[in-house]
$ cat run_12.cif   # mmCIF, C-alpha atoms
data_run
#
loop_
_atom_site.label_atom_id
_atom_site.label_comp_id
_atom_site.auth_asym_id
_atom_site.auth_seq_id
_atom_site.Cartn_x
_atom_site.Cartn_y
_atom_site.Cartn_z
CA SER H 1 -11.14 -41.75 -6.00
CA VAL H 2 -10.54 -42.16 -2.27
CA LEU H 3 -7.27 -44.02 -2.93
CA SER H 4 -6.17 -41.34 -5.38
CA ARG H 5 -6.88 -38.62 -2.84
CA TYR H 6 -4.71 -40.25 -0.19
CA GLU H 7 -1.93 -40.94 -2.69
CA ASN H 8 -1.91 -37.24 -3.50
CA GLN H 9 -1.74 -36.40 0.20
CA ILE H 10 1.23 -38.74 0.67
CA THR H 11 3.04 -37.12 -2.29
CA ILE H 12 2.43 -33.64 -0.90
CA LEU H 13 3.51 -34.78 2.55
CA SER H 14 6.83 -36.22 1.33
CA ASP H 15 7.65 -33.07 -0.64
CA TYR H 16 6.64 -30.93 2.30
CA LEU H 17 8.76 -32.74 4.88
CA GLU H 18 11.94 -32.59 2.81
CA GLU H 19 12.16 -28.98 3.93
CA PHE H 20 12.40 -29.97 7.61
CA PRO H 21 15.68 -31.16 9.11
CA GLU H 22 16.04 -34.40 11.01
CA THR H 23 15.66 -33.32 14.62
CA ASP H 24 14.13 -34.33 17.92
CA GLU H 25 13.24 -30.72 18.69
CA PRO H 26 9.50 -30.01 18.77
CA VAL H 27 7.77 -27.81 16.22
CA TRP H 28 5.35 -25.28 17.71
CA ILE H 29 2.44 -24.02 15.59
CA LEU H 30 0.03 -21.54 17.20
CA GLY H 31 -0.01 -23.17 20.61
CA ARG H 32 0.24 -26.76 19.37
CA GLN H 33 3.33 -28.94 19.71
CA HIS H 34 4.32 -31.39 16.96
CA HIS H 35 7.14 -33.90 16.73
CA LEU H 36 8.65 -34.56 13.34
CA ASN H 37 9.57 -38.14 14.21
CA THR H 38 6.08 -39.20 15.37
CA ASP H 39 3.30 -37.00 13.95
CA LYS H 40 4.54 -35.49 10.70
CA SER H 41 1.14 -35.81 9.03
CA LYS H 42 -0.55 -33.84 11.82
CA LEU H 43 1.99 -31.06 11.37
CA LEU H 44 1.16 -30.86 7.67
CA LEU H 45 -2.58 -30.76 8.31
CA ASP H 46 -2.19 -28.12 10.99
CA ILE H 47 -0.24 -25.74 8.76
CA SER H 48 -2.37 -26.27 5.65
CA ALA H 49 -5.53 -25.55 7.67
CA ARG H 50 -4.50 -21.93 8.22
CA LEU H 51 -6.20 -19.50 5.87
CA TRP H 52 -3.56 -18.20 3.46
CA PHE H 53 -4.10 -14.78 1.93
CA THR H 54 -1.82 -13.62 -0.87
CA TYR H 55 -1.57 -10.88 -3.42
CA ARG H 56 -4.52 -10.95 -5.84
CA ARG H 57 -5.13 -9.44 -9.25
CA LYS H 58 -8.18 -8.53 -11.35
CA PHE H 59 -10.41 -7.45 -8.46
CA SER H 60 -12.58 -4.34 -8.78
CA PRO H 61 -10.48 -1.13 -8.54
CA ILE H 62 -10.11 0.10 -4.97
CA GLY H 63 -12.13 3.28 -4.52
CA GLY H 64 -13.49 2.88 -8.05
CA THR H 65 -10.38 4.24 -9.76
CA GLY H 66 -7.55 2.79 -7.68
CA PRO H 67 -5.43 -0.33 -8.16
CA SER H 68 -7.00 -3.65 -9.13
CA SER H 69 -4.10 -5.64 -7.68
CA ASP H 70 -2.18 -5.35 -4.41
CA THR H 71 1.02 -6.93 -5.74
CA GLY H 72 4.04 -5.13 -4.32
CA TRP H 73 2.28 -3.23 -1.55
CA GLY H 74 -0.41 -5.32 0.15
CA CYS H 75 1.68 -7.99 1.91
CA MET H 76 1.22 -6.62 5.45
CA LEU H 77 -2.51 -6.22 4.83
CA ARG H 78 -2.67 -9.86 3.77
CA CYS H 79 -0.76 -10.90 6.89
CA GLY H 80 -3.22 -8.93 9.02
CA GLN H 81 -6.04 -10.77 7.27
CA MET H 82 -4.40 -14.10 8.07
CA MET H 83 -4.04 -13.29 11.76
CA LEU H 84 -7.64 -12.11 11.99
CA ALA H 85 -8.90 -15.12 10.02
CA GLN H 86 -7.17 -17.42 12.50
CA ALA H 87 -9.02 -15.64 15.31
CA LEU H 88 -12.33 -16.17 13.50
CA ILE H 89 -11.55 -19.85 12.89
CA CYS H 90 -10.90 -20.27 16.62
CA ARG H 91 -14.08 -18.36 17.44
CA HIS H 92 -16.46 -20.35 15.22
CA LEU H 93 -14.76 -23.68 14.47
CA GLY H 94 -12.20 -24.14 17.23
CA ARG H 95 -8.40 -24.36 17.19
CA ASP H 96 -8.47 -28.08 16.34
CA TRP H 97 -10.55 -27.66 13.18
CA GLN H 98 -8.79 -29.05 10.10
CA TRP H 99 -9.17 -28.42 6.39
CA GLU H 100 -9.10 -31.05 3.70
CA LYS H 101 -9.23 -30.40 -0.02
CA HIS H 102 -12.67 -31.07 -1.60
CA LYS H 103 -14.18 -31.87 1.78
CA LYS H 104 -17.48 -30.18 2.61
CA GLN H 105 -16.93 -27.50 5.23
CA PRO H 106 -19.34 -25.89 7.72
CA GLU H 107 -21.33 -22.83 6.70
CA GLU H 108 -19.38 -20.75 9.23
CA TYR H 109 -16.17 -21.53 7.37
CA HIS H 110 -17.51 -20.07 4.13
CA ARG H 111 -18.89 -17.05 5.98
CA ILE H 112 -15.43 -16.42 7.41
CA LEU H 113 -13.89 -16.64 3.93
CA GLN H 114 -16.47 -14.21 2.57
CA CYS H 115 -15.38 -11.59 5.09
CA PHE H 116 -12.01 -11.42 3.30
CA LEU H 117 -12.93 -11.63 -0.40
CA ASP H 118 -11.53 -8.82 -2.54
CA ARG H 119 -14.78 -6.88 -2.80
CA LYS H 120 -15.69 -3.50 -1.38
CA ASP H 121 -18.74 -4.94 0.41
CA CYS H 122 -16.73 -7.52 2.40
CA CYS H 123 -15.85 -6.25 5.84
CA TYR H 124 -12.14 -7.19 5.87
CA SER H 125 -11.41 -6.99 2.14
CA ILE H 126 -8.28 -5.39 0.73
CA HIS H 127 -10.60 -2.55 -0.31
CA GLN H 128 -11.83 -1.83 3.19
CA MET H 129 -8.39 -2.17 4.77
CA ALA H 130 -6.69 0.08 2.23
CA GLN H 131 -9.40 2.72 2.53
CA MET H 132 -9.35 2.59 6.31
CA GLY H 133 -5.59 2.98 6.17
CA VAL H 134 -6.08 6.44 4.71
CA GLY H 135 -7.28 7.50 8.16
CA GLU H 136 -3.96 6.21 9.53
CA GLY H 137 -1.99 8.39 7.14
CA LYS H 138 -1.36 5.68 4.54
CA SER H 139 -2.16 6.32 0.90
CA ILE H 140 -3.77 3.52 -1.08
CA GLY H 141 -0.92 1.49 -2.51
CA GLU H 142 1.48 2.43 0.31
CA TRP H 143 3.14 -0.28 2.41
CA PHE H 144 1.80 -0.73 5.95
CA GLY H 145 3.64 -1.61 9.15
CA PRO H 146 2.40 -4.03 11.85
CA ASN H 147 0.96 -1.30 14.09
CA THR H 148 -0.93 0.38 11.24
CA VAL H 149 -2.58 -2.90 10.26
CA ALA H 150 -3.54 -3.48 13.89
CA GLN H 151 -5.20 -0.06 14.07
CA VAL H 152 -7.07 -0.71 10.81
CA LEU H 153 -8.41 -4.05 12.07
CA LYS H 154 -9.51 -2.43 15.32
CA LYS H 155 -11.59 0.14 13.43
CA LEU H 156 -13.08 -2.28 10.92
CA ALA H 157 -14.11 -4.67 13.70
CA LEU H 158 -16.54 -2.02 14.96
CA PHE H 159 -18.69 -2.69 11.89
CA ASP H 160 -18.48 -6.49 12.18
CA GLU H 161 -21.59 -7.57 14.07
CA TRP H 162 -21.53 -11.25 13.14
CA ASN H 163 -18.09 -11.99 14.61
CA SER H 164 -18.53 -9.39 17.36
CA LEU H 165 -14.88 -9.12 18.37
CA ALA H 166 -13.37 -6.79 20.92
CA VAL H 167 -10.06 -5.69 19.40
CA TYR H 168 -7.48 -4.29 21.80
CA VAL H 169 -4.23 -2.85 20.46
CA SER H 170 -1.74 -2.16 23.22
CA MET H 171 -0.05 1.21 23.65
CA ASP H 172 3.53 1.86 24.72
CA ASN H 173 4.29 -1.88 25.03
CA THR H 174 1.74 -2.10 27.84
CA VAL H 175 -1.28 -4.41 28.16
CA VAL H 176 -3.83 -3.11 30.69
CA ILE H 177 -5.98 -5.87 32.17
CA GLU H 178 -8.56 -3.45 33.57
CA ASP H 179 -9.14 -1.81 30.18
CA ILE H 180 -9.48 -5.11 28.35
CA LYS H 181 -12.05 -6.45 30.79
CA LYS H 182 -13.96 -3.17 30.61
CA MET H 183 -14.07 -3.43 26.83
CA CYS H 184 -14.96 -7.13 26.67
CA TRP H 185 -17.70 -6.83 29.28
CA SER H 186 -19.22 -3.66 27.82
CA PRO H 187 -22.95 -3.88 26.90
CA GLY H 188 -23.84 -5.01 23.38
CA GLN H 189 -24.04 -2.48 20.57
CA SER H 190 -27.26 -1.37 18.96
CA SER H 191 -28.15 -3.68 16.13
CA GLY H 192 -28.80 -1.34 13.20
CA LEU H 193 -27.90 -2.59 9.77
CA ALA H 194 -25.12 -5.13 9.69
CA HIS H 195 -21.64 -4.61 8.35
CA GLY H 196 -20.40 -5.49 4.89
CA GLY H 197 -19.82 -9.13 5.73
CA ALA H 198 -23.35 -9.65 7.05
CA HIS H 199 -24.76 -7.71 4.10
CA LEU H 200 -22.98 -10.15 1.81
CA HIS H 201 -24.13 -13.19 3.79
CA ARG H 202 -27.73 -12.00 3.67
CA SER H 203 -27.71 -12.03 -0.13
CA ALA H 204 -25.39 -15.00 -0.61
CA LEU H 205 -26.80 -17.39 1.97
CA GLY H 206 -30.40 -16.23 1.84
CA GLN H 207 -30.43 -15.19 5.48
CA ASN H 208 -28.69 -12.86 7.88
CA LYS H 209 -27.78 -14.85 10.98
CA ASN H 210 -26.86 -12.05 13.31
CA THR H 211 -25.20 -14.06 16.06
CA ALA H 212 -23.38 -11.00 17.30
CA GLY H 213 -24.13 -11.68 20.91
CA LEU H 214 -25.87 -8.35 21.50
CA CYS H 215 -26.73 -9.34 25.05
CA PRO H 216 -24.27 -8.30 27.73
CA GLY H 217 -21.45 -10.80 28.07
CA TRP H 218 -17.80 -11.37 27.32
CA LYS H 219 -16.98 -10.38 23.75
CA PRO H 220 -14.27 -12.61 22.24
CA LEU H 221 -10.97 -10.75 22.43
CA LEU H 222 -8.45 -10.16 19.67
CA LEU H 223 -5.38 -8.82 21.45
CA ILE H 224 -2.62 -7.31 19.31
CA ILE H 225 0.64 -6.13 20.88
CA PRO H 226 2.85 -4.04 18.55
CA LEU H 227 6.47 -4.21 19.69
CA ARG H 228 9.92 -2.90 18.86
CA LEU H 229 12.40 -5.61 19.83
CA GLY H 230 15.56 -3.66 19.07
CA ILE H 231 16.81 -0.71 17.04
CA ASN H 232 18.13 -1.99 13.73
CA HIS H 233 18.19 -5.67 14.60
CA ILE H 234 16.30 -7.84 17.05
CA ASN H 235 17.91 -7.87 20.48
CA PRO H 236 18.86 -11.48 21.37
CA VAL H 237 17.57 -10.96 24.91
CA TYR H 238 14.00 -11.09 23.54
CA ILE H 239 14.30 -14.32 21.55
CA ASP H 240 13.23 -16.82 24.21
CA ALA H 241 10.24 -14.69 25.25
CA PHE H 242 9.21 -14.19 21.63
CA LYS H 243 9.29 -17.94 20.99
CA GLU H 244 7.38 -18.58 24.21
CA CYS H 245 4.40 -16.65 22.83
CA PHE H 246 3.92 -19.25 20.06
CA LYS H 247 3.52 -21.94 22.74
CA MET H 248 0.51 -20.29 24.37
CA PRO H 249 -2.90 -21.85 23.55
CA GLN H 250 -4.21 -18.36 22.76
CA SER H 251 -1.47 -17.62 20.20
CA LEU H 252 -2.35 -16.10 16.84
CA GLY H 253 1.29 -15.82 15.84
CA ALA H 254 2.98 -12.59 14.83
CA LEU H 255 3.09 -10.01 12.06
CA GLY H 256 6.50 -8.92 10.91
CA GLY H 257 9.25 -9.82 8.48
CA LYS H 258 11.89 -7.73 6.81
CA PRO H 259 11.74 -4.11 5.58
CA ASN H 260 8.88 -3.89 3.05
CA ASN H 261 8.42 -7.68 3.14
CA ALA H 262 5.74 -8.85 5.54
CA TYR H 263 5.19 -12.42 6.69
CA TYR H 264 2.69 -14.13 8.98
CA PHE H 265 4.68 -16.08 11.56
CA ILE H 266 2.81 -19.11 12.91
CA GLY H 267 5.45 -21.02 14.84
CA PHE H 268 9.07 -22.03 15.23
CA LEU H 269 11.53 -24.90 15.14
CA GLY H 270 14.67 -24.30 17.18
CA ASN H 271 15.89 -20.82 16.30
CA GLU H 272 13.98 -20.66 13.03
CA LEU H 273 10.56 -19.09 12.59
CA ILE H 274 7.91 -20.76 10.42
CA TYR H 275 5.76 -18.42 8.37
CA LEU H 276 3.16 -18.12 5.63
CA ASP H 277 4.31 -15.92 2.77
CA PRO H 278 1.77 -13.65 1.00
CA HIS H 279 4.15 -12.84 -1.87
CA THR H 280 2.35 -14.93 -4.49
CA THR H 281 -0.06 -13.27 -6.91
CA GLN H 282 -3.28 -15.21 -7.59
CA SER H 283 -6.43 -14.30 -9.48
CA PHE H 284 -9.45 -12.82 -7.73
CA VAL H 285 -11.91 -15.42 -6.40
CA ASP H 286 -15.55 -14.59 -5.74
CA SER H 287 -18.22 -16.55 -3.88
CA GLU H 288 -20.63 -18.90 -5.63
CA GLU H 289 -24.37 -18.29 -5.85
CA ASN H 290 -24.98 -20.68 -2.95
CA GLY H 291 -22.58 -18.73 -0.70
CA THR H 292 -19.68 -21.18 -0.84
CA VAL H 293 -16.17 -20.21 -1.95
CA ASP H 294 -13.74 -22.16 -4.12
CA ASP H 295 -11.20 -22.28 -1.31
CA GLU H 296 -8.24 -24.25 -2.66
CA SER H 297 -6.18 -21.12 -3.31
CA PHE H 298 -6.75 -19.96 0.28
CA HIS H 299 -4.71 -22.81 1.79
CA CYS H 300 -0.96 -23.14 1.35
CA GLN H 301 -0.18 -26.72 0.38
CA GLN H 302 3.52 -26.18 -0.22
CA ALA H 303 6.44 -26.52 2.15
CA PRO H 304 6.32 -23.71 4.74
CA HIS H 305 8.98 -21.04 4.73
CA ARG H 306 11.49 -20.67 7.55
CA MET H 307 13.88 -17.91 8.53
CA LYS H 308 16.43 -17.46 11.27
CA ILE H 309 14.90 -15.51 14.11
CA MET H 310 17.89 -13.14 14.20
CA ASN H 311 17.01 -12.03 10.65
CA LEU H 312 13.64 -10.75 11.84
CA ASP H 313 13.02 -7.02 11.63
CA PRO H 314 12.58 -5.70 15.20
CA SER H 315 9.17 -4.18 14.39
CA VAL H 316 6.56 -6.90 15.04
CA ALA H 317 3.03 -7.39 16.39
CA LEU H 318 1.99 -10.36 18.51
CA GLY H 319 -1.57 -11.67 18.32
CA PHE H 320 -3.71 -13.57 20.83
CA PHE H 321 -7.34 -14.73 20.83
CA CYS H 322 -9.34 -15.22 24.02
CA LYS H 323 -12.84 -16.56 23.39
CA GLU H 324 -13.79 -16.56 27.06
CA GLU H 325 -12.64 -14.56 30.06
CA CYS H 326 -10.95 -17.66 31.47
CA ASP H 327 -8.81 -17.81 28.29
CA PHE H 328 -7.64 -14.25 28.93
CA ASP H 329 -6.95 -14.93 32.61
CA ASN H 330 -4.98 -18.03 31.65
CA ARG H 331 -2.97 -16.06 29.13
CA CYS H 332 -2.13 -13.40 31.73
CA SER H 333 -0.92 -16.12 34.11
CA LEU H 334 1.25 -17.65 31.39
CA VAL H 335 2.73 -14.26 30.51
CA GLN H 336 3.61 -13.60 34.15
CA LYS H 337 5.09 -17.06 34.64
CA GLU H 338 6.84 -17.77 31.34
CA ILE H 339 7.81 -14.32 30.07
CA LEU H 340 7.84 -11.48 32.57
CA LYS H 341 9.39 -13.29 35.52
CA GLN H 342 12.08 -14.83 33.32
CA GLN H 343 13.27 -11.58 31.74
CA SER H 344 15.52 -8.83 32.99
CA LEU H 345 14.58 -6.72 29.95
CA ARG H 346 10.86 -7.19 29.39
CA MET H 347 9.38 -7.54 25.92
CA PHE H 348 6.19 -5.80 27.10
CA GLU H 349 4.44 -4.90 30.35
CA LEU H 350 1.26 -6.44 31.77
CA VAL H 351 -0.41 -4.21 34.36
CA GLN H 352 -3.62 -4.58 36.32
CA LYS H 353 -4.77 -0.96 36.51
CA HIS H 354 -5.06 1.79 33.90
CA PRO H 355 -2.00 4.08 34.21
CA PRO H 356 -3.15 7.32 35.91
CA HIS H 357 -1.15 9.54 33.54
CA TRP H 358 -2.89 8.09 30.47
CA PRO H 359 -6.12 9.58 29.05
CA PRO H 360 -9.26 7.78 30.33
CA PHE H 361 -9.99 4.52 28.54
CA ILE H 362 -13.27 4.57 26.61
CA PRO H 363 -14.23 1.32 24.82
CA PRO H 364 -14.66 2.06 21.11
CA THR H 365 -18.16 1.89 19.66
CA LYS H 366 -19.52 1.90 16.15
CA PRO H 367 -20.59 5.36 14.92
CA GLU H 368 -24.34 5.84 14.73
CA VAL H 369 -24.64 5.54 10.98
CA THR H 370 -27.05 3.60 8.80
CA THR H 371 -25.08 1.77 6.15
CA THR H 372 -24.97 -1.21 3.88
CA GLY H 373 -21.73 -2.98 3.16
CA ALA H 374 -21.19 -1.07 -0.08
CA GLU H 375 -21.47 2.21 1.82
CA LEU H 376 -19.18 1.18 4.67
CA ILE H 377 -16.15 2.92 3.23
CA GLU H 378 -17.97 6.26 3.03
CA SER H 379 -19.43 5.86 6.51
CA THR H 380 -16.00 5.60 8.12
CA ASP H 381 -15.45 9.32 7.53
CA LYS H 382 -17.67 9.95 10.54
CA LEU H 383 -15.53 7.56 12.58
CA PHE H 384 -12.44 9.64 11.81
CA GLU H 385 -14.27 12.84 12.82
CA LEU H 386 -15.33 11.31 16.16
CA GLU H 387 -11.78 10.14 16.87
CA GLU H 388 -10.37 13.59 16.16
CA GLU H 389 -12.89 15.14 18.54
CA PHE H 390 -11.95 12.65 21.27
CA GLU H 391 -8.23 13.34 20.81
CA ILE H 392 -8.85 17.08 21.18
CA LEU H 393 -10.89 16.53 24.35
CA SER H 394 -8.19 14.23 25.77
CA VAL H 395 -5.53 16.89 25.25
#

$ encode --input "run_12.cif" --output "structure tokens"
Amino acid sequence: SVLSRYENQITILSDYLEEFPETDEPVWILGRQHHLNTDKSKLLLDISARLWFTYRRKFSPIGGTGPSSDTGWGCMLRCGQMMLAQALICRHLGRDWQWEKHKKQPEEYHRILQCFLDRKDCCYSIHQMAQMGVGEGKSIGEWFGPNTVAQVLKKLALFDEWNSLAVYVSMDNTVVIEDIKKMCWSPGQSSGLAHGGAHLHRSALGQNKNTAGLCPGWKPLLLIIPLRLGINHINPVYIDAFKECFKMPQSLGALGGKPNNAYYFIGFLGNELIYLDPHTTQSFVDSEENGTVDDESFHCQQAPHRMKIMNLDPSVALGFFCKEECDFDNRCSLVQKEILKQQSLRMFELVQKHPPHWPPFIPPTKPEVTTTGAELIESTDKLFELEEEFEILSV
């Protein structure tokens, strides 16, 4: 059986590498460099280890009476799930963690997967994301853009006590160091009842390990930077800086694609971007009684897709994960050195202090509601009300 397994891996590897040209140029995947002529197998393992979320069918209707499949409209939501899942993998398992078919995986891995299952009581399910999108002006079944998905993830993360992420979405192409550090060093939230994911884990795994880090300390940072890199087409002046972001150790790739076709970009080779494509419809998968998930359909084992970077729609969102403050400081240094100082036309701004003409920055907090996972969708109405009140006060 061991021999058969490795024969299958060799077959997959040979099919996979036919898609890559013969070149000495390095391949960059989420901060890791690979060389096709020396470590092809490592490249394959690195790409297949990423969690791959696609269209699904036959899940419970969204909102009780809504669609039971996201085919045709949920691709950007799935890409947002993939970027967030990569952040959670880095948080709990580390960037160098690898996946192998039929190999027993850590409990944290299955808990991460459960956060994204297509159920209303999973904190980052298609149900929760679509419903939260209503507060962003998107009807259920309507296509999302990169910025809308970023805003949805920021709101849902407030209910996610197990992963305890600080999600910062930049405004006006500007990343404010002071605001991020204020948010990541803010005191822990009140415990209350856990979010949908923890509610699921409590029943599925027989325990609720609330490792949210409620004591004061640096909260792991998910940084998302929505950008417009041109008007109708990407401006070539941004290409080198855009590619440079995939080289950073903190890289979570980028959300983007073509009009109404979203992809999760994880790296590049030369002037081609490498991406995971969510446009495959698979059947709904639920967790087992012991809390594990049949995970084979959540890993892409086919040749990765590539597209010329000049074909990219100019509306994108970059993602970065900083587990510790030193990771964030290192990322800021890399941005200053490799991106900002090299560009006459900057892709985005990195500033130390909060701009004085902006409204005061207040780190977001979870609304004081008592909820189980199944009630999370209803409880977010209060979140919208609080945000509207804050916007009125800011004006």

$ closest_residue --input "run_12.cif" --among "H:Lys104, H:His127, H:Arg78, H:Lys42" --to "Phe144 of chain H" --atoms "all atoms listed in the file"
H:Arg78

$ closest_residue --input "run_12.cif" --among "H:Gly94, H:Phe159, H:Lys40, H:Phe284" --to "Ile126 of chain H" --atoms "only C-alpha atoms"
H:Phe284

$ closest_residue --input "run_12.cif" --among "H:Ser186, H:Asn173, H:Gln131, H:Gln81" --to "Phe53 of chain H" --atoms "only C-alpha atoms"
H:Gln81

$ atom_distance --input "run_12.cif" --atom1 "atom CA of His110 of chain H" --atom2 "atom CA of Val293 of chain H"
6.2 Å

$ resolve_selection --input "run_12.cif" --expression "the PyMOL selection byres ((chain H and resi 302-307) around 6)" --output "list of chain:residue names"
H:Tyr16, H:Glu272, H:Leu273, H:Ile274, H:Tyr275, H:Cys300, H:Gln301, H:Lys308

$ resolve_selection --input "run_12.cif" --expression "the PyMOL selection byres ((chain H and resi 51) around 8)" --output "JSON, numbers by chain"
{"H": [48, 49, 50, 52, 53, 82, 85, 86, 298, 299, 300]}

$ resolve_selection --input "run_12.cif" --expression "the PyMOL selection byres ((chain H and resi 362) around 9)" --output "list in words"
Asp179, Lys182, Met183, Pro360, Phe361, Pro363, Pro364 and Thr365 of chain H

$ residues_near_point --input "run_12.cif" --point "(-10.8, -7.2, 30.7)" --cutoff "12 Å" --atoms "all atoms listed in the file" --output "PyMOL selection string"
chain H and resi 166-168+175-186+217-223+322+324-329+331-332+351-354+361+363

$ closest_residue --input "run_12.cif" --among "H:Glu142, H:Glu338, H:Asp295, H:Asp121" --to "Thr71 of chain H" --atoms "all atoms listed in the file"
H:Glu142

$ atom_distance --input "run_12.cif" --atom1 "atom CA of His102 of chain H" --atom2 "atom CA of Tyr264 of chain H"
25.2 Å

$ atom_distance --input "run_12.cif" --atom1 "atom CA of Gly256 of chain H" --atom2 "atom CA of Asp286 of chain H"
28.2 Å

$ closest_residue --input "run_12.cif" --among "H:Thr148, H:Asn271, H:Thr54, H:Asn330" --to "Ser69 of chain H" --atoms "only C-alpha atoms"
H:Thr54

$ axis_aligned_box --input "run_12.cif" --around "segment 75-80 of chain H" --padding-each-side "4 Å" --output "lines of an AutoDock Vina configuration file"
center_x = -0.8
center_y = -8.6
center_z = 5.5
size_x = 12.9
size_y = 12.7
size_z = 15.1
